[in-house]
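The block underneath contains the structure these notes are about, expressed in structure tokens.
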There are 2 protein chains.
Amino acid sequence: MALEPDQAPVDSITLFVALLCSCIVIGHLLEKNRWFNESITALAIGLCTGIIILFTTEGKRSHILVFNEELFFIYLLPPIIFNAGFQVKKKQFFRNFVMIILFGAVGTLISFVIISIGSMKLFKKLDIGFLDFGDYLALGAIFSATDSVCTLQVLNQDETPLLYSLVFGEGVVNDATSIVLFNAIQKFDLSHITSSIFMEFMGNFVYLFTTSTLLGVAVGLISAYIIKKLYFGRHSTDREVALMILMAYLSYMMAELFNLSSILTVFFCGIVMSHYTWHNVTESSRITTKHAFATLSFISEIFIFLYVGMDALDIEKWKVVSKSLGISAGVSSILLGLVLIGRAASVFPLSFISNLSKRSESGKVTFKQQIIIWWAGLMRGSVSMALAYNQFTRSGHTQLRGNAIMITSTITVVLFSTVVFGLMTKPLMRLLLPRKHLSSTMSSESFPSKPMNLPLIANGQTADFEMGGDDIPRPTSLRMLFTTPAHTVHYYWRKFDDSVMRPVFGGRGFAPCAPGSPTEPLLH
Amino acid sequence: MALEPDQAPVDSITLFVALLCSCIVIGHLLEKNRWFNESITALAIGLCTGIIILFTTEGKRSHILVFNEELFFIYLLPPIIFNAGFQVKKKQFFRNFVMIILFGAVGTLISFVIISIGSMKLFKKLDIGFLDFGDYLALGAIFSATDSVCTLQVLNQDETPLLYSLVFGEGVVNDATSIVLFNAIQKFDLSHITSSIFMEFMGNFVYLFTTSTLLGVAVGLISAYIIKKLYFGRHSTDREVALMILMAYLSYMMAELFNLSSILTVFFCGIVMSHYTWHNVTESSRITTKHAFATLSFISEIFIFLYVGMDALDIEKWKVVSKSLGISAGVSSILLGLVLIGRAASVFPLSFISNLSKRSESGKVTFKQQIIIWWAGLMRGSVSMALAYNQFTRSGHTQLRGNAIMITSTITVVLFSTVVFGLMTKPLMRLLLPRKHLSSTMSSESFPSKPMNLPLIANGQTADFEMGGDDIPRPTSLRMLFTTPAHTVHYYWRKFDDSVMRPVFGGRGFAPCAPGSPTEPLLH
């Protein structure tokens, strides 16, 4: 009875909410099926709904909401990325930090160059409409953005922690890189690239990366400090939860406001919040935030896939393309091929370089693992869609032939890569990494009781499961510090964390009302 | 880095989120202050921000978001009302059900008639712009809507359960009645009221009330059944939480779609969900939903008050009014007076009638309690604002003099009643109901261990704290069933609930994985 507003949004929202409910229920029923997951279920339901709408509106439209960048970037993406930072296994992530940056930033650049140049050369042979130089560069950026959301659904953090942290961490950096690239293309005049423009671009990228990260860390620390100092739990747990949600969102929106990479900001805000703030709140707030963030992220993910499925049938675009279906198929195949090559050209050489720098055999990425890293990053998803819509549509309509082909090809690539590559990832992993291998070698690091080949880290990790962690034994040999520099950094970080950071910002063992036991087991 | 969308929404959202954070922090710091609460803090911060924006934009505007009915009715109101239903003490609510309906529906009608006729007679003496008959009736509906959000902040469910359930329950029914009235005024041609139109109107009201309630109950039961049958907790608690949130929202949106009273629907959906669904989910989902719903409701409330405070300074309206400040003040005072009289004319006679029907002295509402009921329902809030904007503005602008005066008067009445009446409620209660009285007579019913004067209910209540509740002893005397008919209904409801409803829909003692102990103590 809302005063009879525009009936349209009420219609759409009701249908969307109902579809989301059915996605959850059907996804749950298909849980045991080894092929399906929630993403593919949502895509399928979206497609079916699109067909039904298409028939009931007599072929006029297939979706119930026009794709809205604001909706995607302001409301749907923040909870997904924040939750990823909040739930990520921090130790794994930071141990592989250099490799993640290498893959995420350099790898994306390699992929961008290959896809841009490749499409420029190959599309000339096809009769597609006019595309200028900027459009080709945009294509490179669009198809370099891997789908970190989908990765989360395919890889398992507990089964393959190394691969998960590599592929997912890379995905976050990759999203940020792609968006920075894309913005640079729209802003800079890149028709004649000089070395000075290139340097400016690189400087811009490093600046964005640093400031975005610092902003996220700062907001996270402020939230920890406020909640620790004022001890909110005294009065109400709801206030703590509300403050955490709002501060996390604030970090994202501030990054947006300052034109930083909001994805990086909110990701690091999530990491800091889970390391400090989360330990300062009451027991019930901890359970609530853990599940509430996961739920919000879950709903956003299904929402995106549902939308992509529904939008795939948008009749306006297909009408423009229908006369040149062969060309569209050609474009899609070329792009898929370039995506495969571009990723191979970044993953294998970079893994080789990374392996060269590792002394011990255990730290190296095996060839089989490289194949999985290559494969798991092939999926293209919502970021690609959002960028494509931004470049090739004006307010949701696609009249120009070349633009229409690009949009339908993007949809084809996204659908194909999500469904086909996505479906094949689990069987591929089972083939390359047999179960035994999965649960022993790969995930040994998450069980501190097992023998470790890196005693420094093993100690730090064990300490993390105790209160305080002040009792880390000093390394017995100086040689070790030189052979494992990354671990030395980690060791000094822990010292600094325990002596300076935690007393100020709280955290495990320094929470205002320290619970008697570690909280982790309670939550599982 | 969201592809540089319209910068304006990012600006506004960032500022709004930052303000919400500061409201929470400041509200927390002022917690011990007996005068302030979060609502008044948010109003004050909104006013200050409004002044700052007014100066920085050189008097051009004071708010950063144009008031949006859609935002209010589709996003902010549902969590507040759902949470109210979810957390309400069901026993108290249903025991006073008849009285709540009497106060909420009949009382609102009385108030509506008095304010409409009063303003029609009194405004003629003032030189205000043109207002037609429909406008006066709309005024009656607008100022009959009490602010249930504010009531929640002033009265305490544990200290004064009877008053809380009466005033709050009345508030929900009253909101629904006001909105139904308002819609009827905009739809029906009420310039010449005949008895047939009146009967049609009454029929419409009863129909809306029944169908809205049934829809809410149905959606709640479906959610309980799905979660019980499929046993979601097996795989993930996030799915359970997501499904509960989405189903609750679905009930609201469906009511909107069918033009029912969505407030009533979502309220009853909340009641059913807390009675059945909540008991079917895992332990951590229970904690999560309890706090997540409360948090969402809390954020929405602060948002509304922040907005109302910020909007109070809207320069456009005050410019039109500035030449006739005396008239505006006159209109506001008249409306405030009518609100006072209208509520008095409904509360005192209806309490008298209600008392007549009660046999025992303990069930009667004392005169002091009547004064508090009268006073606690005087606050006007967001629903009044939303209705006034709907009637007197066209797309956010108020050029007509009469309309501008009505808007500014509404703002004045809302601010005055919230701040002055709101601030005086706590001291008034302390004056009329001394502490001793508060914690013994008034809240005795929430402690089942104390001696009860109504053995039937007392048994039901004790059983509710045990598992199952199959062991309710049958009443020893038939006479009792006749002297206390309401309690007999309650007794048979409990029998029906235990033998039919709970085995199908779950609920305390019938959850798929019954925990060993009652969960209530865990959550406090």
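Following the order of the structure tokens, first chain is A, next is B, and so on, with residues numbered from 1 inside each chain and ligands from 1 in the order they appear.
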Selection near A:Ile226, 12 Å with only C-alpha atoms, sequence-local residues under 6 positions removed, as a PyMOL selection string: (chain A and resi 219-220+232-233+239-240+243-244+247+276-277+280-281+504-506+512) or (chain B and resi 21-22+24-26+28-29)
At most 7 Å to chain B: residues in chain A, only C-alpha atoms, as an NGL selection string: :A and (1-3 or 10-11 or 14 or 17-18 or 21 or 24 or 73 or 183 or 238-239 or 241-243 or 246 or 250 or 253-254 or 256-257 or 259-262 or 284 or 287-288 or 291-292 or 294-295 or 299)
Neighbour list for stretch 357-373 of chain B as an MDAnalysis selection string, cut-off 7 Å, only C-alpha atoms, skip fewer than 6 positions in-chain: chainID B and resid 163 167 347:348 351 429 432
Between atom CA of B:Ser119 and atom CA of B:Leu335 - distance in Å to one decimal: 7.2 Å
Residues flagged alpha helix (DSSP H) by DSSP in stretch 215-458 of chain B, as a ChimeraX atom specification: /B:215-230,237-257,262-272,278-280,283-311,315-322,325-357,367-376,382-392,401-416,422-432,435-437,455-458
